[in-house]
>>> print(open('run-v6.cif').read())   # mmCIF, C-alpha atoms
data_final
#
loop_
_atom_site.label_atom_id
_atom_site.label_comp_id
_atom_site.auth_asym_id
_atom_site.auth_seq_id
_atom_site.Cartn_x
_atom_site.Cartn_y
_atom_site.Cartn_z
CA MET A 1 0.00 0.00 0.00
CA SER A 2 1.52 3.32 -1.09
CA THR A 3 0.92 6.69 0.50
CA ALA A 4 1.96 10.25 -0.21
CA GLY A 5 1.45 11.49 3.33
CA PRO A 6 -0.16 14.84 4.15
CA GLN A 7 1.77 17.55 5.90
CA GLN A 8 1.57 16.96 9.65
CA TRP A 9 2.41 19.51 12.31
CA GLN A 10 4.33 18.50 15.44
CA LEU A 11 4.19 20.65 18.59
CA VAL A 12 7.60 21.57 20.03
CA ASP A 13 7.63 23.12 23.52
CA SER A 14 11.20 22.46 24.66
CA ARG A 15 13.05 25.78 24.94
CA ASP A 16 16.29 24.32 23.57
CA GLU A 17 14.50 22.90 20.53
CA ILE A 18 12.62 26.14 19.95
CA VAL A 19 15.87 28.11 20.02
CA THR A 20 17.45 25.60 17.60
CA LEU A 21 14.58 25.87 15.11
CA LEU A 22 14.41 29.66 15.29
CA THR A 23 18.19 29.92 14.93
CA ARG A 24 17.97 27.87 11.73
CA LEU A 25 15.24 30.21 10.51
CA ALA A 26 17.36 33.29 11.20
CA GLU A 27 20.46 31.78 9.58
CA SER A 28 18.55 30.59 6.50
CA ARG A 29 17.32 34.12 5.66
CA GLN A 30 14.04 32.60 4.52
CA PRO A 31 10.98 34.88 4.36
CA VAL A 32 8.57 34.79 7.29
CA THR A 33 4.88 35.56 6.79
CA LEU A 34 3.54 37.61 9.70
CA THR A 35 -0.25 37.68 9.88
CA ARG A 36 -2.60 39.68 12.09
CA ALA A 37 -6.32 39.30 11.38
CA ALA A 38 -6.60 39.50 7.57
CA ASN A 39 -3.38 41.50 7.13
CA ALA A 40 -0.15 39.73 6.19
CA CYS A 41 3.36 40.87 5.32
CA LEU A 42 6.69 39.24 4.48
CA SER A 43 9.63 39.81 6.78
CA LEU A 44 12.91 38.18 7.87
CA LEU A 45 13.91 36.98 11.30
CA LEU A 46 17.11 38.96 11.83
CA ARG A 47 18.23 37.70 15.23
CA LEU A 48 17.30 36.02 18.50
CA ASP A 49 17.96 37.58 21.86
CA THR A 50 17.89 34.47 24.05
CA ARG A 51 18.95 36.42 27.13
CA ASN A 52 15.81 38.57 27.00
CA ASP A 53 13.54 36.15 25.09
CA ARG A 54 13.05 38.48 22.13
CA LEU A 55 12.91 38.09 18.35
CA ASN A 56 13.82 40.89 15.93
CA PHE A 57 12.17 41.06 12.49
CA ASP A 58 13.20 43.12 9.47
CA ALA A 59 10.77 45.83 8.33
CA PRO A 60 8.79 44.97 5.17
CA PRO A 61 7.99 47.64 2.55
CA GLY A 62 5.70 50.10 4.27
CA GLY A 63 7.01 49.15 7.70
CA PHE A 64 5.12 47.96 10.75
CA GLY A 65 3.35 51.24 11.38
CA ALA A 66 -0.08 49.64 11.83
CA LEU A 67 1.10 47.37 14.65
CA ARG A 68 0.85 48.21 18.32
CA LYS A 69 2.44 46.77 21.44
CA HIS A 70 0.82 43.50 22.58
CA ALA A 71 -0.57 42.77 19.10
CA VAL A 72 -0.59 39.02 18.45
CA LEU A 73 0.99 37.79 15.22
CA GLN A 74 0.94 34.42 13.49
CA ALA A 75 4.33 33.62 11.94
CA GLN A 76 4.95 30.95 9.31
CA ALA A 77 8.01 30.00 7.24
CA ARG A 78 9.82 27.12 5.60
CA VAL A 79 13.37 26.13 6.52
CA GLN A 80 15.32 23.44 4.63
CA GLY A 81 12.06 22.04 3.27
CA TYR A 82 10.31 21.94 6.64
CA GLY A 83 7.41 24.05 7.84
CA LEU A 84 7.63 26.21 10.95
CA ARG A 85 4.86 28.26 12.52
CA PHE A 86 4.30 29.97 15.85
CA THR A 87 2.44 32.74 17.63
CA THR A 88 4.36 35.77 18.86
CA THR A 89 3.42 39.05 20.55
CA VAL A 90 4.67 42.53 19.64
CA ASP A 91 6.95 44.08 22.25
CA ALA A 92 8.26 47.20 20.48
CA LEU A 93 8.64 49.00 17.17
CA GLU A 94 12.32 49.98 17.04
CA GLN A 95 13.69 53.30 15.80
CA ASP A 96 15.43 51.58 12.88
CA GLY A 97 12.05 50.28 11.67
CA THR A 98 12.50 46.70 12.82
CA LEU A 99 10.02 44.85 15.01
CA THR A 100 10.77 43.19 18.35
CA THR A 101 8.47 40.43 19.57
CA TRP A 102 8.49 37.93 22.39
CA MET A 103 10.02 34.48 22.03
CA PRO A 104 7.19 31.93 21.61
CA GLY A 105 6.59 29.32 24.29
CA SER A 106 6.01 26.69 21.61
CA VAL A 107 6.32 26.27 17.86
CA GLU A 108 4.93 23.80 15.34
CA HIS A 109 7.25 21.96 13.01
CA SER A 110 6.26 19.91 9.97
CA GLN A 111 7.50 17.90 7.06
CA ARG A 112 5.70 16.90 3.90
CA ARG A 113 6.90 13.53 2.78
CA ARG A 114 8.92 13.99 -0.38
CA ALA A 115 9.54 10.34 -1.22
CA HIS A 116 7.17 7.60 -2.29
CA ARG A 117 6.62 5.33 0.72
CA VAL A 118 5.18 1.84 1.01
CA SER A 119 3.39 0.35 4.01
CA ILE A 120 4.77 -2.84 5.52
CA PRO A 121 2.24 -5.55 6.49
CA ARG A 122 1.93 -6.16 10.25
CA SER A 123 2.46 -9.86 9.68
CA MET A 124 6.07 -9.20 8.72
CA GLN A 125 7.09 -7.78 12.12
CA ILE A 126 9.98 -5.81 10.61
CA ARG A 127 12.19 -4.24 13.26
CA ALA A 128 15.18 -1.92 13.46
CA THR A 129 17.35 -0.60 16.29
CA LEU A 130 18.10 3.07 16.99
CA PHE A 131 21.11 4.13 19.06
CA PRO A 132 20.82 7.52 20.82
CA LEU A 133 24.11 9.04 21.94
CA GLY A 134 24.60 8.19 25.63
CA GLY A 135 21.31 6.29 25.83
CA SER A 136 20.03 2.73 25.61
CA PRO A 137 19.25 1.14 22.21
CA ILE A 138 15.65 1.61 21.09
CA ARG A 139 13.89 -1.21 19.26
CA VAL A 140 11.20 -0.11 16.81
CA ARG A 141 8.81 -1.87 14.43
CA VAL A 142 9.06 -0.40 10.94
CA THR A 143 5.64 0.37 9.44
CA ASP A 144 6.55 2.04 6.14
CA LEU A 145 9.64 2.56 4.05
CA SER A 146 10.95 4.89 1.36
CA THR A 147 14.35 5.73 -0.09
CA GLN A 148 14.50 8.77 2.20
CA GLY A 149 13.17 7.42 5.48
CA PHE A 150 10.76 5.25 7.38
CA GLY A 151 7.88 5.22 9.84
CA ALA A 152 7.92 3.08 12.97
CA THR A 153 6.11 2.32 16.22
CA LEU A 154 7.76 1.97 19.62
CA ARG A 155 7.09 1.65 23.33
CA SER A 156 6.09 4.76 25.23
CA GLU A 157 9.07 4.65 27.60
CA SER A 158 11.44 4.79 24.62
CA ALA A 159 9.55 7.65 22.96
CA ARG A 160 10.36 9.99 25.84
CA ASP A 161 13.94 10.26 24.58
CA LEU A 162 12.94 11.20 21.01
CA HIS A 163 11.98 14.57 19.59
CA PRO A 164 11.98 16.22 16.14
CA GLY A 165 15.48 17.10 15.06
CA ARG A 166 17.28 14.50 17.18
CA VAL A 167 19.97 12.53 15.32
CA LEU A 168 20.58 8.85 16.08
CA ASP A 169 22.40 5.93 14.51
CA GLY A 170 20.18 3.20 13.10
CA ALA A 171 20.77 -0.48 12.34
CA PHE A 172 18.78 -1.79 9.37
CA GLY A 173 18.82 -5.07 7.52
CA LEU A 174 17.62 -5.95 4.03
CA LYS A 175 17.41 -9.26 2.21
CA ASP A 176 21.02 -9.33 1.08
CA SER A 177 22.72 -6.75 3.28
CA ALA A 178 22.70 -4.91 6.59
CA PHE A 179 23.77 -1.33 7.12
CA TYR A 180 24.10 1.41 9.72
CA ALA A 181 22.87 4.87 8.83
CA PRO A 182 22.40 8.10 10.79
CA ILE A 183 18.74 9.10 10.95
CA THR A 184 17.03 12.32 11.98
CA VAL A 185 13.72 12.16 13.83
CA ARG A 186 11.18 14.24 11.89
CA GLY A 187 8.04 13.60 13.93
CA VAL A 188 6.76 11.88 17.06
CA ARG A 189 3.06 11.21 17.57
CA GLN A 190 0.99 9.52 20.25
CA HIS A 191 -2.20 7.66 19.36
CA ASP A 192 -4.27 5.28 21.51
CA GLY A 193 -1.45 4.76 24.00
CA SER A 194 1.26 3.97 21.44
CA PHE A 195 3.87 6.15 19.76
CA THR A 196 4.91 6.47 16.14
CA ILE A 197 7.95 8.23 14.73
CA GLY A 198 9.00 9.38 11.30
CA GLY A 199 12.71 9.14 10.56
CA GLU A 200 14.82 10.45 7.68
CA PHE A 201 18.00 8.78 6.45
CA THR A 202 20.63 11.52 6.62
CA SER A 203 23.53 9.66 5.02
CA LEU A 204 23.20 6.66 2.70
CA SER A 205 25.78 5.19 0.37
CA SER A 206 24.69 4.65 -3.22
CA GLY A 207 24.73 0.90 -2.59
CA ASP A 208 22.49 1.15 0.48
CA ARG A 209 20.07 3.42 -1.38
CA ARG A 210 19.83 0.93 -4.26
CA ALA A 211 19.13 -1.86 -1.76
CA ILE A 212 16.27 0.17 -0.24
CA GLU A 213 14.91 0.92 -3.70
CA ARG A 214 14.80 -2.82 -4.43
CA GLU A 215 13.02 -3.43 -1.11
CA VAL A 216 10.42 -0.77 -1.91
CA VAL A 217 9.78 -2.38 -5.31
CA GLU A 218 9.26 -5.79 -3.67
CA LEU A 219 6.85 -4.30 -1.17
CA GLU A 220 4.94 -2.68 -4.01
CA ARG A 221 4.63 -6.11 -5.65
CA TYR A 222 3.25 -7.49 -2.39
CA TRP A 223 0.40 -5.00 -2.44
CA ARG A 224 -0.59 -5.57 -6.06
CA PRO A 225 -3.89 -7.47 -6.31
CA GLY A 226 -3.28 -11.12 -7.16
CA ALA A 227 0.50 -10.83 -6.85
CA GLN A 228 2.52 -13.62 -5.26
CA ARG A 229 3.16 -12.32 -1.76
CA ARG A 230 6.81 -13.03 -1.24
CA VAL A 231 8.63 -10.05 0.27
CA SER A 232 12.07 -10.06 1.88
CA PRO A 233 11.62 -7.80 4.93
CA LEU A 234 14.04 -5.66 6.84
CA ARG A 235 15.76 -7.41 9.72
CA ALA A 236 17.66 -5.85 12.62
#
>>> encode(input="run-v6.cif", output="structure tokens")
Amino acid sequence: MSTAGPQQWQLVDSRDEIVTLLTRLAESRQPVTLTRAANACLSLLLRLDTRNDRLNFDAPPGGFGALRKHAVLQAQARVQGYGLRFTTTVDALEQDGTLTTWMPGSVEHSQRRRAHRVSIPRSMQIRATLFPLGGSPIRVRVTDLSTQGFGATLRSESARDLHPGRVLDGAFGLKDSAFYAPITVRGVRQHDGSFTIGGEFTSLSSGDRRAIEREVVELERYWRPGAQRRVSPLRA
């Protein structure tokens, strides 16, 4: 079964993670849409003042003259292909025309799946092992696979150590080979008492990528009506 995957937003409320995401936004120089009621303008996040919990935005054409202190703004941008949105409150209009707002207490982070992914039947019980730096290995059951990443389920006690943006090593096995690859967690969700994660392969050799492509093709054959259901699953 193939899926394209809608864009899903993940709430991030850890201060360290918020600072990391906003720092990437500032460094990327990507436009930020600031919206209040029906009015929207494009700006840039110029810098973060983490000591005073402030953000400083560049003035768009026409400036911020219509804004007042305590006005609530909705901010949205894309950084390295990922969505970022948050609510922020105006603190001051600066003499140089820039806008200072308060650091948000939470942000939402999203990824739209770029690669074709294929679901893995539950009967296969495909598993992999993730290795967080300084932590215990985490066993997961892989639920879907693409050349760029995978989805998986895991126990709740293991999910506490995972959050979007965290990088781990992963051990994966295919029919004819096994490989280790760094992965980046792109989403963590809780549903009916269980947790699911989305992971992206951050470094694959050409040989490993070809092996995953072959695995995806075999899984596609499994899902075709009337096809002989012989699939060589991941093992780890």
>>> resolve_selection(input="run-v6.cif", expression="the PyMOL selection byres ((chain A and resi 207-213) around 8)", output="JSON, numbers by chain")
{"A": [146, 147, 174, 177, 179, 204, 205, 206, 214, 215, 216, 217]}
>>> atom_distance(input="run-v6.cif", atom1="CA of Leu219 in chain A", atom2="CA of Pro121 in chain A")
9.0 Å
>>> residues_near_point(input="run-v6.cif", point="(-0.3, 20.5, 12.2)", cutoff="7 Å", atoms="all atoms listed in the file", output="VMD selection string")
chain A and resid 8 to 10 108 110
>>> closest_residue(input="run-v6.cif", among="A:Arg141, A:Arg224, A:Arg78, A:Arg189", to="Leu22 in chain A", atoms="only C-alpha atoms")
A:Arg78
>>> resolve_selection(input="run-v6.cif", expression="the PyMOL selection byres ((chain A and resi 77) around 8)", output="MDAnalysis selection string")
chainID A and resid 25 30:33 75:76 78:79 83:85
>>> atom_distance(input="run-v6.cif", atom1="CA of Val167 in chain A", atom2="CA of Leu21 in chain A")
14.4 Å
>>> atom_distance(input="run-v6.cif", atom1="CA of Asp169 in chain A", atom2="CA of Ile183 in chain A")
6.0 Å
>>> closest_residue(input="run-v6.cif", among="A:Asp16, A:Glu27, A:Asp53, A:Asp58", to="Arg166 in chain A", atoms="only C-alpha atoms")
A:Asp16
>>> closest_residue(input="run-v6.cif", among="A:Pro61, A:Ser28, A:Asn56, A:Val107", to="Asp91 in chain A", atoms="all atoms listed in the file")
A:Asn56
>>> resolve_selection(input="run-v6.cif", expression="the PyMOL selection byres ((chain A and resi 152) around 6)", output="PyMOL selection string")
chain A and resi 140-143+151+153+196-197
>>> closest_residue(input="run-v6.cif", among="A:Phe64, A:Phe131, A:Phe86, A:Trp102", to="Asn52 in chain A", atoms="all atoms listed in the file")
A:Trp102
>>> residues_around(input="run-v6.cif", residues="Glu200 in chain A", least_positions_apart="5", cutoff="7 Å", atoms="all atoms listed in the file", output="PyMOL selection string")
chain A and resi 148-150+183-186
>>> closest_residue(input="run-v6.cif", among="A:Leu99, A:Leu168, A:Ile18, A:Leu154", to="Ser43 in chain A", atoms="all atoms listed in the file")
A:Leu99
>>> closest_residue(input="run-v6.cif", among="A:Asp49, A:Asp144, A:Glu94, A:Glu157", to="Ser119 in chain A", atoms="only C-alpha atoms")
A:Asp144
>>> axis_aligned_box(input="run-v6.cif", around="range 62-77 of chain A", padding_each_side="6 Å", output="lines of an AutoDock Vina configuration file")
center_x = 3.7
center_y = 40.6
center_z = 13.4
size_x = 20.6
size_y = 33.2
size_z = 30.3
